[in-house]
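Working notes, structure below.
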Amino acid sequence: MRRMRIEKAKRIGQIPPYLFAEIDKKKEEMKKKGMDLIDLGIGDPDLPTPKPIIERLKKAAENPKNHRYPAYEGMIEFRNAVAQWYGKRFGVKLDPQAEVLSLIGSKEGIAHIPLAFVDPEDYVLVPSPGYPVYRVSTLFAGGTPYFLPLRKENGFLPNFSEIPKAVLEKTKLLFINYPNNPTSAIAEKPFFEEVVAFAQRHQIIVCHDAAYSEVAFDGYRPLSFLEVRGAKEVGVEFHSLSKTFNMTGWRIGFAVGCGEILAGLGRIKTNIDSGLFQAIQEAGIEALSRFNTPLPEMIQVYERRRDVMVKGLREIGLELDQPKATFYLWIHVPKKYTSTQFATLLLEQVGIVVTPGNGFGETGEGYIRMALTVDQKRLEEAIGRLKRINF
Ligand SMILES: Cc1ncc(COP(=O)(O)O)c(C=O)c1O
């Protein structure tokens, strides 16, 4: 019998090459050689989910009512808890029926939203460097990403005046993300005001990814995009329980903001997924209504780790800003190396895994990213090892 040829769809071929492949291969090689790796490459919290959230899940999992298909937009009790948390945390009033949508993690919503609004020929404005899903979800919808460089001299904020008119005329959607992965930059009110004015002027839907809004240091409290007048008419904001409550594996997040935009995303979702396990939504209600965020104990741990690393890296001669938010350090690589060369050097010589900045987009070249998601002892060990390298 003739073997069938399995041909992938063109959209798979469009996905940009996986830039971490080289590092991953090296990582495996080093592991096989028995090298003790310190992995600062992945932004996945190592701290546990708070106990009361787990207890609520256990109880909710036993209730047969929760074993059936959930409502696709989320239980009204969960959406109420989101609206209440939002009011308390940001002073923004939300209608839980129309202005809150549950998500199977914020990645799910970010990946699906272009399908609701982007047609072939449309542009989507995507930050570079940026979370890779913005670019891929644009391509999957048949749209074209137009990259907005985030440069240090502009506080890692995009400069909208650089976008050609011909692009703006065909732009449907804008992704922004503050506090920012990977640069750890933050945005203040004037920037969000500029975004609203820009969106109104050019009829562009704003998708603000606020996955790190509750990972902020030294008393700093990141803003919600929706705190700005007019924001709710032009955009939505994505939130996640992943980093706020150490729940990356649970897959729970939500989108809030303009009802019409959320209805578009909801329309896609009803045709693709069947909502979020109700027991997890109950655990989400517990999280959002029981705790004040940012969680003080969690923040203290990250602050201590950040201080150890910023001090240590600067002593070694590496250049970086001290982050006010996110658990990422965005570090200049010494001049004679590219991002990939420097990441490879750290891995080969001292077993430290970092992410090369160019993996997040062209403008990330010249940087590496380290995640503070390993314990302080290991970070001290990492600094000790780095001191042994001559670069
Ligand atoms: C900027 C940003 N947005 C969204 C996500 C997705 O988070 P989740 O799907 O767990 O809510 C991540 C995860 O790393 C992220 O870094």
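In the structure tokens, chains take letters A, B, ... by order of appearance, with residues numbered from 1 within each chain and ligands from 1 in the order shown.
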
List all protein, DNA and RNA residues that have at least one atom no more than 9 Å from any atom of ligand 1, counting only C-alpha atoms and all ligand atoms, and write them as a compact mmCIF listing (two decimals) with all heavy atoms, in the first residue's frame.
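Okay, out15.txt is ready:
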# COMPACT_ATOMS: atom_id res chain seq x y z
N ILE A 42 12.77 29.94 31.89
CA ILE A 42 11.31 29.83 31.79
C ILE A 42 10.61 30.65 32.87
O ILE A 42 10.94 30.53 34.05
CB ILE A 42 10.85 28.36 31.87
CG1 ILE A 42 11.61 27.53 30.84
CG2 ILE A 42 9.35 28.23 31.65
CD1 ILE A 42 11.58 26.05 31.11
N GLY A 43 9.62 31.43 32.45
CA GLY A 43 8.88 32.28 33.40
C GLY A 43 7.70 31.53 34.00
O GLY A 43 6.55 31.89 33.79
N ASP A 44 8.01 30.47 34.74
CA ASP A 44 6.94 29.67 35.35
C ASP A 44 7.17 29.65 36.87
O ASP A 44 8.12 29.02 37.34
CB ASP A 44 6.99 28.26 34.75
CG ASP A 44 5.80 27.42 35.17
OD1 ASP A 44 4.95 27.90 35.97
OD2 ASP A 44 5.70 26.27 34.73
N LEU A 103 -11.53 32.86 30.57
CA LEU A 103 -10.60 32.30 29.57
C LEU A 103 -9.87 31.09 30.16
O LEU A 103 -9.67 31.02 31.38
CB LEU A 103 -9.55 33.34 29.17
CG LEU A 103 -10.03 34.61 28.48
CD1 LEU A 103 -8.87 35.59 28.31
CD2 LEU A 103 -10.67 34.31 27.12
N ILE A 104 -9.46 30.20 29.28
CA ILE A 104 -8.69 29.02 29.73
C ILE A 104 -7.22 29.44 29.76
O ILE A 104 -6.38 28.95 29.02
CB ILE A 104 -8.95 27.82 28.78
CG1 ILE A 104 -10.47 27.64 28.59
CG2 ILE A 104 -8.34 26.55 29.35
CD1 ILE A 104 -10.86 26.67 27.49
N GLY A 105 -6.92 30.41 30.61
CA GLY A 105 -5.62 31.07 30.62
C GLY A 105 -5.65 32.24 29.66
O GLY A 105 -6.38 32.22 28.65
N SER A 106 -4.88 33.29 29.94
CA SER A 106 -4.94 34.46 29.06
C SER A 106 -4.38 34.14 27.67
O SER A 106 -4.79 34.73 26.67
CB SER A 106 -4.22 35.65 29.69
OG SER A 106 -2.86 35.39 29.85
N LYS A 107 -3.47 33.18 27.59
CA LYS A 107 -2.91 32.80 26.28
C LYS A 107 -4.02 32.38 25.32
O LYS A 107 -3.99 32.70 24.13
CB LYS A 107 -1.92 31.64 26.48
CG LYS A 107 -1.27 31.16 25.21
CD LYS A 107 -0.29 30.04 25.51
CE LYS A 107 0.51 29.64 24.29
NZ LYS A 107 1.50 28.60 24.64
N GLU A 108 -5.00 31.66 25.87
CA GLU A 108 -6.11 31.20 25.03
C GLU A 108 -6.85 32.38 24.39
O GLU A 108 -7.12 32.39 23.18
CB GLU A 108 -7.05 30.33 25.88
CG GLU A 108 -8.23 29.77 25.15
CD GLU A 108 -9.49 30.57 25.37
OE1 GLU A 108 -9.92 30.76 26.53
OE2 GLU A 108 -10.05 31.04 24.36
N GLY A 109 -7.14 33.39 25.19
CA GLY A 109 -7.85 34.56 24.66
C GLY A 109 -7.01 35.34 23.66
O GLY A 109 -7.50 35.78 22.61
N ILE A 110 -5.72 35.49 23.98
CA ILE A 110 -4.81 36.23 23.10
C ILE A 110 -4.66 35.48 21.76
O ILE A 110 -4.64 36.09 20.69
CB ILE A 110 -3.43 36.40 23.79
CG1 ILE A 110 -3.57 37.32 25.01
CG2 ILE A 110 -2.37 36.91 22.83
CD1 ILE A 110 -2.40 37.27 25.97
N GLY A 130 8.46 40.89 22.14
CA GLY A 130 7.15 40.69 22.74
C GLY A 130 6.84 39.21 22.93
O GLY A 130 7.53 38.34 22.38
N TYR A 131 5.79 38.97 23.67
CA TYR A 131 5.28 37.61 23.90
C TYR A 131 4.93 37.00 22.53
O TYR A 131 4.14 37.59 21.78
CB TYR A 131 4.05 37.73 24.80
CG TYR A 131 3.39 36.44 25.21
CD1 TYR A 131 4.10 35.39 25.77
CD2 TYR A 131 2.01 36.29 25.07
CE1 TYR A 131 3.47 34.22 26.16
CE2 TYR A 131 1.37 35.13 25.46
CZ TYR A 131 2.10 34.10 25.99
OH TYR A 131 1.46 32.95 26.38
N PRO A 132 5.55 35.88 22.16
CA PRO A 132 5.43 35.38 20.78
C PRO A 132 4.01 35.10 20.29
O PRO A 132 3.77 35.08 19.08
CB PRO A 132 6.26 34.08 20.81
CG PRO A 132 7.21 34.25 21.95
CD PRO A 132 6.49 35.08 22.97
N VAL A 133 3.05 34.90 21.19
CA VAL A 133 1.69 34.53 20.77
C VAL A 133 1.00 35.64 19.97
O VAL A 133 0.18 35.37 19.09
CB VAL A 133 0.84 34.13 22.01
CG1 VAL A 133 -0.56 33.69 21.60
CG2 VAL A 133 1.52 33.00 22.78
N ASN A 177 1.49 45.35 26.16
CA ASN A 177 1.69 44.47 27.32
C ASN A 177 2.56 45.17 28.37
O ASN A 177 3.75 45.27 28.21
CB ASN A 177 2.33 43.15 26.82
CG ASN A 177 2.98 42.33 27.92
OD1 ASN A 177 4.10 41.83 27.78
ND2 ASN A 177 2.30 42.16 29.02
N TYR A 178 1.90 45.65 29.43
CA TYR A 178 2.62 46.29 30.55
C TYR A 178 1.99 45.87 31.87
O TYR A 178 0.76 45.84 31.94
CB TYR A 178 2.60 47.82 30.42
CG TYR A 178 3.38 48.23 29.20
CD1 TYR A 178 2.72 48.47 28.00
CD2 TYR A 178 4.77 48.28 29.24
CE1 TYR A 178 3.42 48.78 26.86
CE2 TYR A 178 5.48 48.59 28.10
CZ TYR A 178 4.81 48.85 26.91
OH TYR A 178 5.52 49.13 25.77
N PRO A 179 2.77 45.54 32.89
CA PRO A 179 4.21 45.34 32.88
C PRO A 179 4.60 44.33 31.80
O PRO A 179 3.88 43.38 31.55
CB PRO A 179 4.50 44.80 34.28
CG PRO A 179 3.37 45.30 35.13
CD PRO A 179 2.20 45.36 34.25
N ASN A 180 5.77 44.59 31.21
CA ASN A 180 6.13 43.96 29.95
C ASN A 180 7.01 42.71 30.10
O ASN A 180 7.97 42.69 30.85
CB ASN A 180 6.86 45.01 29.09
CG ASN A 180 7.20 44.50 27.72
OD1 ASN A 180 8.34 44.14 27.44
ND2 ASN A 180 6.21 44.44 26.85
N ASN A 181 6.64 41.71 29.36
CA ASN A 181 7.50 40.56 29.12
C ASN A 181 8.04 40.75 27.69
O ASN A 181 7.23 40.92 26.78
CB ASN A 181 6.69 39.27 29.21
CG ASN A 181 7.48 38.04 28.83
OD1 ASN A 181 8.70 38.07 28.80
ND2 ASN A 181 6.78 36.95 28.55
N PRO A 182 9.32 40.76 27.44
CA PRO A 182 10.42 40.39 28.32
C PRO A 182 11.17 41.56 28.96
O PRO A 182 12.08 41.32 29.75
CB PRO A 182 11.38 39.69 27.35
CG PRO A 182 11.23 40.50 26.08
CD PRO A 182 9.78 40.92 26.03
N ASP A 209 -2.42 43.28 27.32
CA ASP A 209 -2.10 42.05 28.06
C ASP A 209 -1.55 42.46 29.41
O ASP A 209 -0.42 42.96 29.51
CB ASP A 209 -1.09 41.25 27.23
CG ASP A 209 -0.65 39.98 27.92
OD1 ASP A 209 -1.05 39.74 29.07
OD2 ASP A 209 0.12 39.22 27.29
N ALA A 210 -2.35 42.24 30.46
CA ALA A 210 -1.94 42.66 31.81
C ALA A 210 -1.62 41.44 32.69
O ALA A 210 -1.85 41.45 33.90
CB ALA A 210 -3.04 43.51 32.43
N ALA A 211 -1.06 40.41 32.07
CA ALA A 211 -0.78 39.16 32.80
C ALA A 211 0.10 39.37 34.04
O ALA A 211 0.05 38.59 34.99
CB ALA A 211 -0.14 38.14 31.86
N TYR A 212 0.91 40.44 34.01
CA TYR A 212 1.85 40.68 35.13
C TYR A 212 1.42 41.86 36.02
O TYR A 212 2.24 42.40 36.76
CB TYR A 212 3.26 40.91 34.60
CG TYR A 212 3.82 39.67 33.93
CD1 TYR A 212 3.66 39.47 32.57
CD2 TYR A 212 4.44 38.69 34.69
CE1 TYR A 212 4.12 38.31 31.96
CE2 TYR A 212 4.91 37.53 34.09
CZ TYR A 212 4.74 37.35 32.72
OH TYR A 212 5.20 36.19 32.14
N PHE A 238 -6.46 41.69 29.04
CA PHE A 238 -6.34 40.27 29.39
C PHE A 238 -5.67 40.14 30.74
O PHE A 238 -4.64 40.77 30.99
CB PHE A 238 -5.51 39.54 28.34
CG PHE A 238 -6.22 39.44 27.02
CD1 PHE A 238 -6.01 40.38 26.02
CD2 PHE A 238 -7.13 38.42 26.79
CE1 PHE A 238 -6.68 40.29 24.81
CE2 PHE A 238 -7.81 38.32 25.58
CZ PHE A 238 -7.58 39.26 24.59
N HIS A 239 -6.26 39.31 31.59
CA HIS A 239 -5.67 39.03 32.90
C HIS A 239 -5.55 37.53 33.09
O HIS A 239 -6.22 36.75 32.41
CB HIS A 239 -6.55 39.60 34.02
CG HIS A 239 -6.38 41.06 34.20
ND1 HIS A 239 -5.52 41.61 35.11
CD2 HIS A 239 -6.96 42.09 33.56
CE1 HIS A 239 -5.59 42.92 35.03
NE2 HIS A 239 -6.45 43.25 34.09
N SER A 240 -4.73 37.19 34.06
CA SER A 240 -4.45 35.79 34.28
C SER A 240 -4.32 35.53 35.76
O SER A 240 -3.80 36.38 36.49
CB SER A 240 -3.14 35.46 33.58
OG SER A 240 -2.77 34.16 33.90
N LEU A 241 -4.75 34.37 36.21
CA LEU A 241 -4.48 34.02 37.61
C LEU A 241 -3.12 33.33 37.73
O LEU A 241 -2.65 33.06 38.82
CB LEU A 241 -5.60 33.13 38.17
CG LEU A 241 -6.82 33.91 38.68
CD1 LEU A 241 -7.62 34.51 37.54
CD2 LEU A 241 -7.73 33.06 39.55
N SER A 242 -2.49 33.08 36.58
CA SER A 242 -1.25 32.30 36.53
C SER A 242 -0.14 32.87 37.39
O SER A 242 0.44 32.18 38.23
CB SER A 242 -0.74 32.22 35.10
OG SER A 242 -1.55 31.39 34.32
N LYS A 243 0.17 34.16 37.16
CA LYS A 243 1.32 34.75 37.85
C LYS A 243 0.87 35.43 39.14
O LYS A 243 1.65 35.61 40.07
CB LYS A 243 2.04 35.77 36.95
CG LYS A 243 2.15 35.36 35.48
CD LYS A 243 3.16 34.26 35.24
CE LYS A 243 2.88 33.48 33.97
NZ LYS A 243 3.70 33.74 32.84
N MET A 247 -0.57 30.01 39.59
CA MET A 247 -1.54 29.02 39.10
C MET A 247 -1.35 28.74 37.61
O MET A 247 -2.32 28.51 36.89
CB MET A 247 -2.97 29.53 39.36
CG MET A 247 -3.33 29.59 40.83
SD MET A 247 -4.96 30.35 41.12
CE MET A 247 -6.06 29.03 40.59
N THR A 248 -0.10 28.72 37.13
CA THR A 248 0.10 28.55 35.68
C THR A 248 -0.51 27.24 35.16
O THR A 248 -1.04 27.19 34.06
CB THR A 248 1.58 28.61 35.29
OG1 THR A 248 2.31 27.80 36.18
CG2 THR A 248 2.13 30.01 35.35
N GLY A 249 -0.43 26.19 35.97
CA GLY A 249 -0.93 24.89 35.50
C GLY A 249 -2.44 24.76 35.52
O GLY A 249 -2.99 23.83 34.94
N TRP A 250 -3.12 25.67 36.20
CA TRP A 250 -4.58 25.54 36.38
C TRP A 250 -5.35 25.97 35.13
O TRP A 250 -6.46 25.54 34.91
CB TRP A 250 -5.05 26.41 37.55
CG TRP A 250 -4.53 26.01 38.89
CD1 TRP A 250 -3.22 25.91 39.27
CD2 TRP A 250 -5.31 25.68 40.04
NE1 TRP A 250 -3.14 25.56 40.58
CE2 TRP A 250 -4.41 25.41 41.08
CE3 TRP A 250 -6.68 25.62 40.29
CZ2 TRP A 250 -4.84 25.06 42.35
CZ3 TRP A 250 -7.11 25.28 41.56
CH2 TRP A 250 -6.19 25.00 42.57
N ARG A 251 -4.79 26.85 34.36
CA ARG A 251 -5.38 27.41 33.14
C ARG A 251 -6.64 28.21 33.43
O ARG A 251 -7.77 27.77 33.15
CB ARG A 251 -5.66 26.32 32.08
CG ARG A 251 -4.51 25.38 31.78
CD ARG A 251 -3.19 26.08 31.58
NE ARG A 251 -3.21 27.07 30.51
CZ ARG A 251 -2.65 28.27 30.64
NH1 ARG A 251 -2.05 28.65 31.75
NH2 ARG A 251 -2.70 29.10 29.64
N ILE A 252 -6.47 29.36 34.01
CA ILE A 252 -7.60 30.24 34.27
C ILE A 252 -7.18 31.71 34.12
O ILE A 252 -6.15 32.13 34.65
CB ILE A 252 -8.25 29.96 35.66
CG1 ILE A 252 -9.37 30.98 35.98
CG2 ILE A 252 -7.24 29.88 36.79
CD1 ILE A 252 -10.28 30.60 37.14
N GLY A 253 -7.96 32.42 33.36
CA GLY A 253 -7.73 33.84 33.13
C GLY A 253 -9.04 34.49 32.73
O GLY A 253 -10.10 33.84 32.74
N PHE A 254 -8.99 35.76 32.36
CA PHE A 254 -10.21 36.42 31.90
C PHE A 254 -9.87 37.65 31.07
O PHE A 254 -8.75 38.17 31.15
CB PHE A 254 -11.12 36.79 33.09
CG PHE A 254 -10.45 37.59 34.18
CD1 PHE A 254 -10.42 38.97 34.15
CD2 PHE A 254 -9.85 36.95 35.25
CE1 PHE A 254 -9.81 39.71 35.16
CE2 PHE A 254 -9.22 37.67 36.27
CZ PHE A 254 -9.22 39.05 36.23

Next item on the list: Enumerate the residues of segment 93-309 of chain A with a DSSP assignment of alpha helix (DSSP H), computed from the backbone, and present them as a ChimeraX atom specification.
Entry: /A:106-117,133-140,165-169,189-202,231-234,259-270,278-290,296-309

Check: Which of these, A:Gln84, A:Glu153, A:Arg385, A:Glu194, has the shortest distance to Arg290 of chain A once you count only C-alpha atoms?
Finding: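 Of A:Gln84, A:Glu153, A:Arg385, A:Glu194, the one nearest Arg290 of chain A, counting only C-alpha atoms, is A:Gln84.
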
Notebook entry, point to check: Which residues come within 12 Å of Thr326 of chain A, counting only C-alpha atoms, excluding same-chain residues fewer than 3 positions away, as a VMD selection string?
Noted result: chain A and resid 43 to 45 177 to 186 210 to 217 220 to 222 243 to 244 294 298 to 299 302 to 303 306 322 to 323 329 to 330 369 to 373

Notebook entry, point to check: Got a sec: who's within 9 Å of Met309 of chain A, counting only C-alpha atoms, leaving out chain neighbours fewer than 4 positions off, as a list in words?
Noted result: Arg304, Arg305, Leu313, Arg314, Leu329, Leu372, Leu379, Glu380, Ala382 and Ile383 of chain A

Notebook entry, point to check: Using only C-alpha atoms, which of A:Ser102, A:Gln14, A:Asn80, A:Thr171 sits nearest Gln278 of chain A?
Noted result: A:Ser102

Notebook entry, point to check: Between atom CA of Phe391 of chain A and atom CA of Ile38 of chain A, what is the spacing in Å?
Noted result: 19.2 Å

Next item on the list: Run DSSP on the backbone of this structure and report the residues of segment 87-245 of chain A it assigns to strand (DSSP E or B), as a PyMOL selection string.
Entry: chain A and resi 100-103+123-128+144-149+171-177+205-209+216+235-240

Note to self: Applying 8 Å and only C-alpha atoms, which residues near Pro158 of chain A remain after dropping the ones on its own chain fewer than 6 positions away? List them as a count of residues only.
What the structure shows: 5

Note to self: Restricting the calculation to only C-alpha atoms: of A:Ile272, A:Leu226, A:Lys26, A:Ile15, which residue gets closest to Leu139 of chain A?
What the structure shows: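 Looking only at the distances to Leu139 of chain A, the closest residue turns out to be A:Ile15.
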